Every structure is written in structure tokens, then in C-alpha cells.
>>> print(open('start.pdb').read())   # PDB, C-alpha atoms
ATOM      1  CA  MET A 290      17.693 -30.015   8.629
ATOM      2  CA  LYS A 291      15.657 -29.927  11.833
ATOM      3  CA  PRO A 292      12.498 -27.805  11.594
ATOM      4  CA  LEU A 293      12.532 -24.393  13.253
ATOM      5  CA  LEU A 294       9.912 -24.685  15.997
ATOM      6  CA  ASP A 295       8.595 -22.109  18.434
ATOM      7  CA  SER A 296       7.704 -22.863  22.055
ATOM      8  CA  PHE A 297       4.217 -24.011  21.007
ATOM      9  CA  GLY A 298       5.474 -26.499  18.434
ATOM     10  CA  ARG A 299       4.640 -24.398  15.382
ATOM     11  CA  ARG A 300       7.002 -24.712  12.452
ATOM     12  CA  ILE A 301       8.396 -21.262  11.578
ATOM     13  CA  GLU A 302       9.366 -21.122   7.912
ATOM     14  CA  TYR A 303       8.110 -17.797   6.571
ATOM     15  CA  LEU A 304       9.760 -14.365   6.806
ATOM     16  CA  ARG A 305       8.022 -11.167   5.722
ATOM     17  CA  ILE A 306      10.532  -8.395   5.023
ATOM     18  CA  SER A 307       9.615  -4.725   4.929
ATOM     19  CA  VAL A 308      12.157  -3.114   2.618
ATOM     20  CA  THR A 309      10.823   0.403   3.259
ATOM     21  CA  ASP A 310       8.297   2.127   5.485
ATOM     22  CA  ARG A 311       7.488   4.639   2.735
ATOM     23  CA  CYS A 312       4.365   4.439   0.610
ATOM     24  CA  ASN A 313       2.945   6.340  -2.339
ATOM     25  CA  LEU A 314      -0.641   5.862  -1.085
ATOM     26  CA  ARG A 315      -2.410   6.693   2.197
ATOM     27  CA  CYS A 316      -4.993   3.933   2.503
ATOM     28  CA  VAL A 317      -7.466   4.869   5.219
ATOM     29  CA  TYR A 318      -6.904   1.709   7.287
ATOM     30  CA  CYS A 319      -3.123   1.894   7.068
ATOM     31  CA  LEU A 320      -1.785   5.451   7.199
ATOM     32  CA  PRO A 321      -3.115   8.798   8.447
ATOM     33  CA  ARG A 322      -3.846  11.655   6.073
ATOM     34  CA  GLU A 323      -1.340  13.878   7.872
ATOM     35  CA  PRO A 324       2.316  13.926   6.760
ATOM     36  CA  VAL A 325       4.203  10.887   8.032
ATOM     37  CA  SER A 326       7.702  10.966   9.522
ATOM     38  CA  TRP A 327       9.523   8.297   7.533
ATOM     39  CA  LEU A 328      12.544   6.524   8.936
ATOM     40  CA  PRO A 329      15.895   8.191   8.173
ATOM     41  CA  ARG A 330      17.608   6.370   5.325
ATOM     42  CA  GLN A 331      20.556   5.381   7.500
ATOM     43  CA  GLU A 332      18.138   3.469   9.742
ATOM     44  CA  ILE A 333      16.868   1.319   6.872
ATOM     45  CA  LEU A 334      18.533  -2.040   6.395
ATOM     46  CA  ARG A 335      20.818  -2.209   3.379
ATOM     47  CA  PHE A 336      20.215  -4.958   0.839
ATOM     48  CA  GLU A 337      23.434  -6.679   1.920
ATOM     49  CA  GLU A 338      22.117  -6.792   5.479
ATOM     50  CA  ILE A 339      18.774  -8.203   4.412
ATOM     51  CA  LEU A 340      20.585 -10.928   2.493
ATOM     52  CA  GLU A 341      22.612 -11.784   5.584
ATOM     53  CA  VAL A 342      19.421 -12.144   7.604
ATOM     54  CA  VAL A 343      17.800 -14.376   5.002
ATOM     55  CA  ARG A 344      20.894 -16.560   4.664
ATOM     56  CA  ALA A 345      21.021 -17.000   8.435
ATOM     57  CA  GLY A 346      17.305 -17.707   8.574
ATOM     58  CA  ALA A 347      17.507 -20.229   5.745
ATOM     59  CA  GLU A 348      20.238 -22.113   7.580
ATOM     60  CA  LEU A 349      17.883 -22.328  10.572
ATOM     61  CA  GLY A 350      14.907 -23.525   8.545
ATOM     62  CA  LEU A 351      13.199 -20.529   6.931
ATOM     63  CA  THR A 352      12.137 -21.449   3.387
ATOM     64  CA  ARG A 353       9.816 -18.638   2.273
ATOM     65  CA  VAL A 354      10.286 -14.888   1.950
ATOM     66  CA  ARG A 355       7.818 -12.149   1.088
ATOM     67  CA  LEU A 356       8.927  -8.581   0.383
ATOM     68  CA  THR A 357       6.590  -5.894   1.701
ATOM     69  CA  GLY A 358       6.605  -2.266   2.751
ATOM     70  CA  GLY A 359       5.319   0.387   2.950
ATOM     71  CA  GLU A 360       5.351   0.000  -0.783
ATOM     72  CA  PRO A 361       8.326  -2.178  -1.733
ATOM     73  CA  LEU A 362       8.446  -1.027  -5.364
ATOM     74  CA  LEU A 363       9.471   2.427  -4.130
ATOM     75  CA  ARG A 364      12.824   1.038  -2.974
ATOM     76  CA  PRO A 365      15.463   1.774  -5.629
ATOM     77  CA  GLY A 366      17.288  -1.277  -6.915
ATOM     78  CA  LEU A 367      14.747  -3.787  -5.590
ATOM     79  CA  THR A 368      15.502  -6.048  -8.537
ATOM     80  CA  ASP A 369      19.046  -6.497  -7.226
ATOM     81  CA  LEU A 370      17.701  -7.674  -3.880
ATOM     82  CA  VAL A 371      15.328 -10.108  -5.600
ATOM     83  CA  ALA A 372      18.181 -11.508  -7.674
ATOM     84  CA  GLY A 373      20.282 -11.992  -4.544
ATOM     85  CA  LEU A 374      17.476 -13.651  -2.604
ATOM     86  CA  ALA A 375      16.737 -15.995  -5.483
ATOM     87  CA  GLN A 376      20.233 -17.446  -5.027
ATOM     88  CA  VAL A 377      19.931 -18.183  -1.295
ATOM     89  CA  PRO A 378      20.233 -21.951  -0.706
ATOM     90  CA  GLY A 379      17.145 -23.462   0.849
ATOM     91  CA  LEU A 380      14.788 -20.647  -0.133
ATOM     92  CA  ARG A 381      11.851 -22.210  -1.981
ATOM     93  CA  ASP A 382       9.498 -19.281  -2.409
ATOM     94  CA  LEU A 383      10.021 -15.582  -3.064
ATOM     95  CA  ALA A 384       6.972 -13.325  -3.271
ATOM     96  CA  LEU A 385       6.019  -9.651  -3.149
ATOM     97  CA  THR A 386       3.072  -7.690  -1.767
ATOM     98  CA  THR A 387       2.421  -4.372  -3.508
ATOM     99  CA  ASN A 388      -0.270  -1.771  -4.003
ATOM    100  CA  GLY A 389       0.313  -2.291  -7.718
ATOM    101  CA  VAL A 390       0.732   1.347  -8.707
ATOM    102  CA  LEU A 391       4.297   0.823  -9.982
ATOM    103  CA  LEU A 392       3.963  -2.844 -10.905
ATOM    104  CA  ALA A 393       3.297  -2.482 -14.638
ATOM    105  CA  ARG A 394       6.764  -1.092 -15.297
ATOM    106  CA  GLN A 395       8.576  -3.551 -12.999
ATOM    107  CA  ALA A 396       6.752  -6.898 -13.233
ATOM    108  CA  GLY A 397       8.797  -8.293 -16.113
ATOM    109  CA  VAL A 398      12.227  -7.406 -14.734
ATOM    110  CA  LEU A 399      11.304  -8.713 -11.281
ATOM    111  CA  ALA A 400      10.154 -12.018 -12.748
ATOM    112  CA  ARG A 401      13.394 -12.366 -14.691
ATOM    113  CA  ALA A 402      15.357 -11.625 -11.505
ATOM    114  CA  GLY A 403      13.695 -14.540  -9.702
ATOM    115  CA  LEU A 404      10.469 -13.251  -8.142
ATOM    116  CA  LYS A 405       7.926 -16.061  -8.244
ATOM    117  CA  ARG A 406       4.572 -14.495  -7.424
ATOM    118  CA  VAL A 407       2.822 -11.343  -6.328
ATOM    119  CA  ASN A 408      -0.066 -10.130  -4.159
ATOM    120  CA  VAL A 409      -1.750  -6.894  -5.176
ATOM    121  CA  SER A 410      -3.873  -4.822  -2.802
ATOM    122  CA  LEU A 411      -7.128  -3.736  -4.430
ATOM    123  CA  ASP A 412     -10.108  -2.895  -2.231
ATOM    124  CA  THR A 413     -12.564  -1.658  -4.852
ATOM    125  CA  LEU A 414     -13.225  -1.611  -8.596
ATOM    126  CA  ASP A 415     -14.816   1.839  -8.531
ATOM    127  CA  PRO A 416     -12.363   4.592  -9.561
ATOM    128  CA  GLN A 417     -13.831   7.284  -7.302
ATOM    129  CA  ARG A 418     -14.052   4.944  -4.342
ATOM    130  CA  PHE A 419     -10.499   3.778  -5.007
ATOM    131  CA  ALA A 420      -9.294   7.378  -4.881
ATOM    132  CA  ALA A 421     -11.166   7.903  -1.603
ATOM    133  CA  VAL A 422      -9.780   4.760   0.074
ATOM    134  CA  THR A 423      -6.186   5.261  -1.093
ATOM    135  CA  ARG A 424      -6.335   9.092  -1.046
ATOM    136  CA  PHE A 425      -3.740   9.395  -3.833
ATOM    137  CA  GLY A 426      -4.256   6.437  -6.118
ATOM    138  CA  LYS A 427      -5.496   5.842  -9.661
ATOM    139  CA  ILE A 428      -7.105   2.470 -10.185
ATOM    140  CA  ASP A 429      -5.974   2.214 -13.814
ATOM    141  CA  ASP A 430      -2.360   1.992 -12.627
ATOM    142  CA  VAL A 431      -3.183  -0.982 -10.416
ATOM    143  CA  LEU A 432      -5.214  -2.782 -13.070
ATOM    144  CA  ALA A 433      -2.318  -2.338 -15.503
ATOM    145  CA  GLY A 434       0.012  -3.790 -12.870
ATOM    146  CA  ILE A 435      -2.173  -6.870 -12.463
ATOM    147  CA  GLU A 436      -2.168  -7.439 -16.217
ATOM    148  CA  ALA A 437       1.604  -7.043 -16.340
ATOM    149  CA  ALA A 438       2.033  -9.554 -13.517
ATOM    150  CA  LEU A 439      -0.078 -12.120 -15.382
ATOM    151  CA  GLU A 440       1.881 -11.540 -18.585
ATOM    152  CA  ALA A 441       5.195 -11.870 -16.720
ATOM    153  CA  GLY A 442       4.200 -15.246 -15.290
ATOM    154  CA  LEU A 443       4.178 -14.117 -11.664
ATOM    155  CA  ALA A 444       1.734 -16.861 -10.781
ATOM    156  CA  PRO A 445      -0.397 -17.070  -8.854
ATOM    157  CA  VAL A 446      -1.492 -13.444  -8.837
ATOM    158  CA  LYS A 447      -3.450 -12.840  -5.643
ATOM    159  CA  ILE A 448      -5.701  -9.853  -5.001
ATOM    160  CA  ASN A 449      -5.978  -8.669  -1.394
ATOM    161  CA  VAL A 450      -9.289  -7.002  -0.492
ATOM    162  CA  VAL A 451      -9.733  -5.447   2.952
ATOM    163  CA  VAL A 452     -13.498  -5.476   3.538
ATOM    164  CA  MET A 453     -14.994  -2.469   5.349
ATOM    165  CA  ARG A 454     -18.693  -2.172   6.121
ATOM    166  CA  GLY A 455     -20.215   0.913   4.582
ATOM    167  CA  VAL A 456     -17.136   1.444   2.437
ATOM    168  CA  ASN A 457     -16.701  -1.472   0.040
ATOM    169  CA  ASP A 458     -18.680  -4.422   1.425
ATOM    170  CA  ASP A 459     -21.196  -3.978  -1.400
ATOM    171  CA  GLU A 460     -18.414  -5.003  -3.800
ATOM    172  CA  ILE A 461     -17.707  -8.448  -2.353
ATOM    173  CA  VAL A 462     -19.482 -10.199  -5.212
ATOM    174  CA  PRO A 463     -18.125  -7.940  -8.005
ATOM    175  CA  MET A 464     -14.589  -8.413  -6.676
ATOM    176  CA  ALA A 465     -15.131 -12.175  -6.517
ATOM    177  CA  ARG A 466     -16.114 -12.209 -10.184
ATOM    178  CA  LEU A 467     -12.472 -11.439 -10.971
ATOM    179  CA  ALA A 468     -11.685 -14.983  -9.825
ATOM    180  CA  TRP A 469     -14.491 -16.389 -11.917
ATOM    181  CA  GLU A 470     -13.410 -14.759 -15.148
ATOM    182  CA  ARG A 471      -9.619 -14.616 -14.779
ATOM    183  CA  PRO A 472      -6.866 -16.828 -13.280
ATOM    184  CA  LEU A 473      -6.798 -14.567 -10.218
ATOM    185  CA  HIS A 474      -7.038 -15.510  -6.562
ATOM    186  CA  VAL A 475      -9.099 -12.997  -4.596
ATOM    187  CA  ARG A 476      -8.676 -13.012  -0.813
ATOM    188  CA  PHE A 477     -11.082 -11.078   1.380
ATOM    189  CA  ILE A 478      -9.415  -9.878   4.590
ATOM    190  CA  GLU A 479     -11.151  -8.804   7.759
ATOM    191  CA  LEU A 480     -10.394  -5.235   8.798
ATOM    192  CA  MET A 481      -7.875  -5.500  11.638
ATOM    193  CA  PRO A 482      -7.688  -3.277  14.740
ATOM    194  CA  ILE A 483      -4.353  -1.788  13.751
ATOM    195  CA  GLY A 484      -4.191   1.977  13.479
ATOM    196  CA  GLU A 485      -7.001   4.339  14.367
ATOM    197  CA  TYR A 486      -9.460   3.564  11.525
ATOM    198  CA  PHE A 487     -10.825   0.307  12.903
ATOM    199  CA  THR A 488     -14.232   0.100  14.581
ATOM    200  CA  ARG A 489     -16.365  -2.952  15.283
ATOM    201  CA  GLU A 490     -19.075  -1.399  13.118
ATOM    202  CA  ARG A 491     -16.754  -1.470  10.091
ATOM    203  CA  LEU A 492     -15.722  -5.101  10.650
ATOM    204  CA  VAL A 493     -17.295  -7.623   8.252
ATOM    205  CA  SER A 494     -16.661 -11.166   9.475
ATOM    206  CA  SER A 495     -15.238 -13.863   7.219
ATOM    207  CA  ARG A 496     -18.417 -15.878   7.837
ATOM    208  CA  GLU A 497     -20.565 -13.059   6.461
ATOM    209  CA  ILE A 498     -18.217 -12.647   3.504
ATOM    210  CA  LEU A 499     -18.579 -16.339   2.620
ATOM    211  CA  GLU A 500     -22.350 -16.114   2.898
ATOM    212  CA  ARG A 501     -22.383 -13.233   0.433
ATOM    213  CA  LEU A 502     -20.109 -15.097  -1.984
ATOM    214  CA  THR A 503     -22.696 -17.863  -2.392
ATOM    215  CA  ALA A 504     -24.673 -15.396  -4.509
ATOM    216  CA  LEU A 505     -22.480 -16.589  -7.378
ATOM    217  CA  GLY A 506     -23.269 -20.236  -6.671
ATOM    218  CA  PRO A 507     -22.236 -22.957  -4.221
ATOM    219  CA  LEU A 508     -18.619 -22.829  -3.105
ATOM    220  CA  GLU A 509     -16.432 -25.871  -2.670
ATOM    221  CA  PRO A 510     -13.183 -26.053  -0.704
ATOM    222  CA  ALA A 511     -10.118 -25.699  -2.901
ATOM    223  CA  GLU A 512      -6.423 -26.284  -2.607
ATOM    224  CA  PRO A 513      -4.807 -22.936  -1.840
ATOM    225  CA  ALA A 514      -2.758 -21.310  -4.556
ATOM    226  CA  ALA A 515       0.993 -21.435  -4.042
ATOM    227  CA  GLY A 516       2.146 -19.917  -0.794
ATOM    228  CA  CYS A 517       1.703 -20.487   2.903
ATOM    229  CA  GLY A 518      -0.786 -17.829   3.880
ATOM    230  CA  PRO A 519      -3.706 -18.184   6.286
ATOM    231  CA  ALA A 520      -6.588 -17.921   3.798
ATOM    232  CA  ARG A 521      -9.333 -20.529   3.704
ATOM    233  CA  THR A 522      -9.729 -21.122  -0.021
ATOM    234  CA  PHE A 523     -12.772 -21.951  -2.145
ATOM    235  CA  ARG A 524     -13.823 -22.059  -5.774
ATOM    236  CA  TRP A 525     -16.887 -22.323  -7.951
ATOM    237  CA  ALA A 526     -17.166 -25.068 -10.540
ATOM    238  CA  GLY A 527     -15.894 -23.644 -13.803
ATOM    239  CA  ALA A 528     -14.123 -20.646 -12.260
ATOM    240  CA  LYS A 529     -10.622 -19.823 -13.483
ATOM    241  CA  GLY A 530      -9.404 -18.675 -10.068
ATOM    242  CA  THR A 531     -10.263 -19.017  -6.396
ATOM    243  CA  VAL A 532     -11.581 -16.930  -3.542
ATOM    244  CA  GLY A 533     -10.367 -16.967   0.031
ATOM    245  CA  VAL A 534     -11.156 -15.412   3.388
ATOM    246  CA  ILE A 535      -8.687 -14.366   6.059
ATOM    247  CA  GLY A 536     -10.408 -14.049   9.416
ATOM    248  CA  ALA A 537      -7.612 -12.528  11.442
ATOM    249  CA  VAL A 538     -10.062 -11.082  13.985
ATOM    250  CA  THR A 539     -13.065 -13.395  14.236
ATOM    251  CA  GLN A 540     -11.366 -16.658  13.263
ATOM    252  CA  ALA A 541      -7.765 -16.167  14.305
ATOM    253  CA  PHE A 542      -5.256 -18.464  12.609
ATOM    254  CA  CYS A 543      -2.643 -18.198  15.352
ATOM    255  CA  ALA A 544      -2.502 -21.963  15.931
ATOM    256  CA  GLY A 545      -0.973 -22.358  12.487
ATOM    257  CA  CYS A 546       1.053 -19.138  12.325
ATOM    258  CA  ASN A 547       4.393 -19.838  10.678
ATOM    259  CA  ARG A 548       5.878 -16.369  10.249
ATOM    260  CA  LEU A 549       8.192 -13.695  11.526
ATOM    261  CA  ARG A 550       8.313 -10.071  10.361
ATOM    262  CA  LEU A 551      11.434  -8.045   9.708
ATOM    263  CA  THR A 552      10.823  -4.298   9.756
ATOM    264  CA  ALA A 553      12.662  -1.904   7.493
ATOM    265  CA  SER A 554      14.757  -0.782  10.468
ATOM    266  CA  GLY A 555      15.905  -4.294  11.351
ATOM    267  CA  GLN A 556      13.462  -5.225  14.109
ATOM    268  CA  LEU A 557      12.436  -8.877  13.971
ATOM    269  CA  ARG A 558       8.879  -9.132  15.252
ATOM    270  CA  PRO A 559       7.365 -12.442  16.343
ATOM    271  CA  CYS A 560       3.750 -11.253  15.909
ATOM    272  CA  LEU A 561       1.896  -8.659  13.852
ATOM    273  CA  ASP A 562      -0.166  -7.582  16.859
ATOM    274  CA  ASP A 563       2.726  -7.057  19.243
ATOM    275  CA  ASP A 564       5.291  -4.264  19.160
ATOM    276  CA  SER A 565       7.953  -6.324  20.947
ATOM    277  CA  ALA A 566      10.880  -7.198  18.710
ATOM    278  CA  VAL A 567      14.462  -8.412  18.566
ATOM    279  CA  ASP A 568      16.952  -5.906  17.148
ATOM    280  CA  LEU A 569      18.968  -7.597  14.407
ATOM    281  CA  LYS A 570      21.041  -4.480  13.733
ATOM    282  CA  GLU A 571      23.096  -5.383  16.793
ATOM    283  CA  ALA A 572      24.360  -8.403  14.858
ATOM    284  CA  LEU A 573      24.685  -6.595  11.511
ATOM    285  CA  ARG A 574      26.486  -3.337  12.327
ATOM    286  CA  PRO A 575      29.237  -2.252  12.241
ATOM    287  CA  LYS A 576      30.005  -5.699  10.796
ATOM    288  CA  VAL A 577      28.109  -8.959  10.550
ATOM    289  CA  ASP A 578      28.336 -11.363  13.470
ATOM    290  CA  ALA A 579      26.841 -14.537  11.975
ATOM    291  CA  ALA A 580      26.671 -16.463  15.249
ATOM    292  CA  ARG A 581      24.950 -13.611  17.056
ATOM    293  CA  LEU A 582      22.568 -13.098  14.150
ATOM    294  CA  ALA A 583      21.436 -16.718  14.363
ATOM    295  CA  LYS A 584      20.937 -16.378  18.119
ATOM    296  CA  GLN A 585      18.843 -13.241  17.652
ATOM    297  CA  ILE A 586      16.599 -15.005  15.152
ATOM    298  CA  LEU A 587      16.150 -17.892  17.577
ATOM    299  CA  ARG A 588      15.292 -15.372  20.313
ATOM    300  CA  ALA A 589      12.493 -13.987  18.167
ATOM    301  CA  VAL A 590      11.164 -17.474  17.460
ATOM    302  CA  ALA A 591      11.189 -18.302  21.179
ATOM    303  CA  ALA A 592       9.324 -15.067  21.952
ATOM    304  CA  LYS A 593       6.462 -15.811  19.581
ATOM    305  CA  PRO A 594       3.187 -15.604  21.572
ATOM    306  CA  GLU A 595       0.550 -18.302  21.482
ATOM    307  CA  MET A 596      -1.989 -15.922  19.959
ATOM    308  CA  HIS A 597      -2.752 -12.276  19.364
ATOM    309  CA  GLY A 598      -5.420 -10.234  21.103
ATOM    310  CA  MET A 599      -7.086  -8.537  18.133
ATOM    311  CA  PHE A 600     -10.382 -10.340  18.663
ATOM    312  CA  ARG A 601     -10.736  -8.661  22.077
ATOM    313  CA  ARG A 602     -10.236  -5.056  20.950
ATOM    314  CA  GLU A 603     -13.142  -2.736  20.219
ATOM    315  CA  THR A 604     -10.984   0.006  18.699
ATOM    316  CA  GLY A 605      -7.778   0.130  16.699
ATOM    317  CA  SER A 606      -4.342   0.238  18.263
ATOM    318  CA  ALA A 607      -2.728   3.599  17.554
ATOM    319  CA  ARG A 608       0.699   2.221  18.481
ATOM    320  CA  LEU A 609       0.662  -0.222  15.568
ATOM    321  CA  CYS A 610       0.847   0.798  11.916
ATOM    322  CA  MET A 611       0.640  -1.625   8.992
ATOM    323  CA  ALA A 612       3.224   0.326   6.981
ATOM    324  CA  GLY A 613       5.668   0.178   9.862
ATOM    325  CA  VAL A 614       5.113  -3.500  10.667
ATOM    326  CA  GLY A 615       5.296  -4.786   7.120
ATOM    327  CA  GLY A 616       1.736  -5.781   6.267
TER     328      GLY A 616
END
>>> encode(input="start.pdb", output="C-alpha cells")
Amino acid sequence: MKPLLDSFGRRIEYLRISVTDRCNLRCVYCLPREPVSWLPRQEILRFEEILEVVRAGAELGLTRVRLTGGEPLLRPGLTDLVAGLAQVPGLRDLALTTNGVLLARQAGVLARAGLKRVNVSLDTLDPQRFAAVTRFGKIDDVLAGIEAALEAGLAPVKINVVVMRGVNDDEIVPMARLAWERPLHVRFIELMPIGEYFTRERLVSSREILERLTALGPLEPAEPAAGCGPARTFRWAGAKGTVGVIGAVTQAFCAGCNRLRLTASGQLRPCLDDDSAVDLKEALRPKVDAARLAKQILRAVAAKPEMHGMFRRETGSARLCMAGVGG
């Protein structure tokens, strides 16, 4: 099969799929405190439609899928979708990003259905701070979910930490110790100018994060854990896991970007930082048009920009929302 290339020669092989825009948390950098108008259920892609998209994408060269949200574990019957995706020819990797609140009760069944690995969002180890950042969450639920994922063999288990100055940047080293003591892979992510929470003052650069991590000893470059994400990965001698930094703002990884994003409403977006999209519903409803679906996917690939503009912005973009885009 010929590789799926965009107009800049990048190989596009990774599809992130938002299965719902709904979430059971209101993390400060993702959603506002005020009530959110969720998409009407009839606007959300059905599982059968998602499978059609993935089959078409796999025939074109997509090999990796990640399920996101909102919070994907809120979607009823998600195990059925995982089982269907696991059977798609050509799909080599099937992962999930979750806030972890519901993971303890679902990790085992998802693993048996064919899910390979999981990323869990966890920005702090302090229960009160966790409640403040997430607004509705209980950290014990997330920690139980991480344990369940390890027990279910959803390896590697990655922990996503959004670093915010004055909020949780004093926990960079304590969070990193998780990777020292356990087979966990902790990735520190720069706060991105998406939504209204971002300010330059809150941004902690990936370079500063790495400097702080040396408090635990000298870091050495490491092979990334399974997956195709943008993290630069490191480890300490003797550590059971790894640490990584994702510098989406100060050290953009656009030159190696290999992904597309499918929103819960069927919009295929070439870039996280761009609200332009190709509507796949036109090829899915009222019935599937396989040829048109393939053309729409190729349109999105061709529209992929050379790079985003997040590094230029001083404030967050109110028109973009992480829950709506798919993380």
C-alpha cells in the first residue's frame, strides 16, 4: 500500500476519534464552569458510521486509532465499538484517552474487546487541587482506574499532565516519581492556547520542565513507549517507566505531525489549532457512499496546514474547545 501523504510529504497514519463531546469533569483549561450545550444525540456519529470511516481510512493508509472525547467512557456501548475496530484490517494500534474516573469498572472489558493501551489525564496528586482543577472530580477514582489499567494489561499506561504555572508546576517532580516507581509513562504537556484559560504567564515551557526533572538525576533519551505521539521521551537509570515532554507551543512538532481528528459530529479536522474541517456526514447519511467517503478523507489530508499558529498567540482561542475537537 502506498503511504498516505499530505502536501508537505508527511505520512498521515493516525486518526483521533471523539466519540462524544460530553464530559463528567470541567477541567479549567478545557471547559467553562457554566452549563455547556452538548451536541444533540442525532448529530453524534453512530458506531456503524465510525467503523465505516476507519475502514475507509485504513484502506488509504491509516494504521492507528485513538478514541477520545469529551470523556469517551461516557458513551454507552463503547466496548462494542472497540471490538469492531479491533477487527479492521490494517489497523495496528487502538488506544484510548480518558480522564480515568470511570476506568476502573471498564478497563478489563475494554482490554478483552481489543483495546491495546490507555492514556489517563492526571494533572495533580493532591486531592483538593484535583477537585479545583477538574471542578467535579475525585482523585481516588482516577488512581483506581490507573491500577485497573495496569492489571488489565493495557500497556503502556501513559499519564498526561498539563503543566500550569501557579497551579501545579510545583508537582512536576512528584508526578515524575510515578515513572520512577511504577511502569508508568508520564508526559508533561505545555498548556495550549485553546479556550479562554490560557495566558502566557501560566505557560511552563518544555525546556523548563526538563530542567526541573533533573532534580531526580540525569536524564537520558529513551525509546518512546508504544504509540506515535509527539513526546520527547527520557528515563533515569533504574526507573521503571519514562517521562516525556510535549512542547506544542514552544517547540511545535508540526513537521512530524501524522494525524487527523474526527469530531463527534463527523467533522474531519486536519489540525487541532484550526476550525476548518471536512464534513464526513455527507458521505455517511442517509447511506454510506464509500467512494465519496474516501475522497472526503483525502480532501482533509490535502488541507492539512504546514504548521499551527499557537506559538504566536498571547491569549487562548475562545472559538476552539478541547472537548469539541477531541483532545
>>> atom_distance(input="start.pdb", atom1="atom CA of Ala433 of chain A", atom2="atom CA of Asp415 of chain A")
14.9 Å
>>> closest_residue(input="start.pdb", among="A:Leu349, A:Val317, A:Leu304, A:Ala511", to="Glu485 of chain A", atoms="only C-alpha atoms")
A:Val317
>>> axis_aligned_box(input="start.pdb", around="segment 455-467 of chain A", padding_each_side="5 Å", output="AutoDock Vina command-line options")
--center_x -16.8 --center_y -5.4 --center_z -3.2 --size_x 18.7 --size_y 23.7 --size_z 25.6
>>> closest_residue(input="start.pdb", among="A:Ala528, A:Arg489, A:Ile301, A:Leu356", to="Leu473 of chain A", atoms="all atoms listed in the file")
A:Ala528
>>> resolve_selection(input="start.pdb", expression="the PyMOL selection byres ((chain A and resi 455-464) around 8)", output="JSON, numbers by chain")
{"A": [412, 413, 414, 452, 453, 454, 465, 466, 467, 468, 475, 491, 493, 498, 501, 502, 504, 505]}
>>> closest_atom_pairs(input="start.pdb", of="segment 449-523 of chain A", to="segment 559-573 of chain A", cutoff="12 Å", atoms="all atoms listed in the file", output="Markdown table")
| residue | atom | partner | partner_atom | distance |
| --- | --- | --- | --- | --- |
| A:Met481 | CA | A:Asp562 | CA | 9.5 |
| A:Pro482 | CA | A:Asp562 | CA | 8.9 |
| A:Ile483 | CA | A:Asp562 | CA | 7.8 |
| A:Gly484 | CA | A:Asp562 | CA | 10.9 |
>>> resolve_selection(input="start.pdb", expression="the PyMOL selection byres ((chain A and resi 402) around 7)", output="number ranges by chain")
A: 368, 371-372, 398-401, 403-404
>>> closest_atom_pairs(input="start.pdb", of="segment 344-398 of chain A", to="segment 438-451 of chain A", cutoff="9 Å", atoms="all atoms listed in the file", output="CSV")
residue,atom,partner,partner_atom,distance
A:Ala384,CA,A:Leu443,CA,8.9
A:Leu392,CA,A:Ala438,CA,7.5
A:Ala393,CA,A:Ala438,CA,7.3
A:Gln395,CA,A:Ala438,CA,8.9
A:Ala396,CA,A:Ala438,CA,5.4
A:Gly397,CA,A:Ala441,CA,5.1
A:Val398,CA,A:Ala441,CA,8.6
>>> decode(input="start.pdb", residues="segment 351-374 of chain A", atoms="C-alpha atoms", output="PDB file, in the first residue's frame")
ATOM      1  CA  LEU A 351      -4.318   4.941   8.365  1.00  0.00           C
ATOM      2  CA  THR A 352      -2.937   2.385  10.835  1.00  0.00           C
ATOM      3  CA  ARG A 353      -3.578   3.875  14.284  1.00  0.00           C
ATOM      4  CA  VAL A 354      -6.740   4.982  16.064  1.00  0.00           C
ATOM      5  CA  ARG A 355      -7.229   6.705  19.399  1.00  0.00           C
ATOM      6  CA  LEU A 356     -10.668   7.129  20.967  1.00  0.00           C
ATOM      7  CA  THR A 357     -11.198  10.422  22.783  1.00  0.00           C
ATOM      8  CA  GLY A 358     -13.968  12.745  23.873  1.00  0.00           C
ATOM      9  CA  GLY A 359     -15.155  14.653  25.792  1.00  0.00           C
ATOM     10  CA  GLU A 360     -14.890  11.639  28.011  1.00  0.00           C
ATOM     11  CA  PRO A 361     -15.161   8.525  25.835  1.00  0.00           C
ATOM     12  CA  LEU A 362     -16.124   6.195  28.692  1.00  0.00           C
ATOM     13  CA  LEU A 363     -19.415   8.086  28.991  1.00  0.00           C
ATOM     14  CA  ARG A 364     -20.527   6.720  25.614  1.00  0.00           C
ATOM     15  CA  PRO A 365     -22.804   3.709  26.172  1.00  0.00           C
ATOM     16  CA  GLY A 366     -21.665   0.541  24.453  1.00  0.00           C
ATOM     17  CA  LEU A 367     -18.105   1.743  23.831  1.00  0.00           C
ATOM     18  CA  THR A 368     -16.878  -1.825  24.201  1.00  0.00           C
ATOM     19  CA  ASP A 369     -18.829  -2.771  21.073  1.00  0.00           C
ATOM     20  CA  LEU A 370     -17.053  -0.062  19.099  1.00  0.00           C
ATOM     21  CA  VAL A 371     -13.665  -1.224  20.398  1.00  0.00           C
ATOM     22  CA  ALA A 372     -14.452  -4.802  19.405  1.00  0.00           C
ATOM     23  CA  GLY A 373     -15.437  -3.667  15.915  1.00  0.00           C
ATOM     24  CA  LEU A 374     -12.351  -1.507  15.465  1.00  0.00           C
TER      25      LEU A 374
END
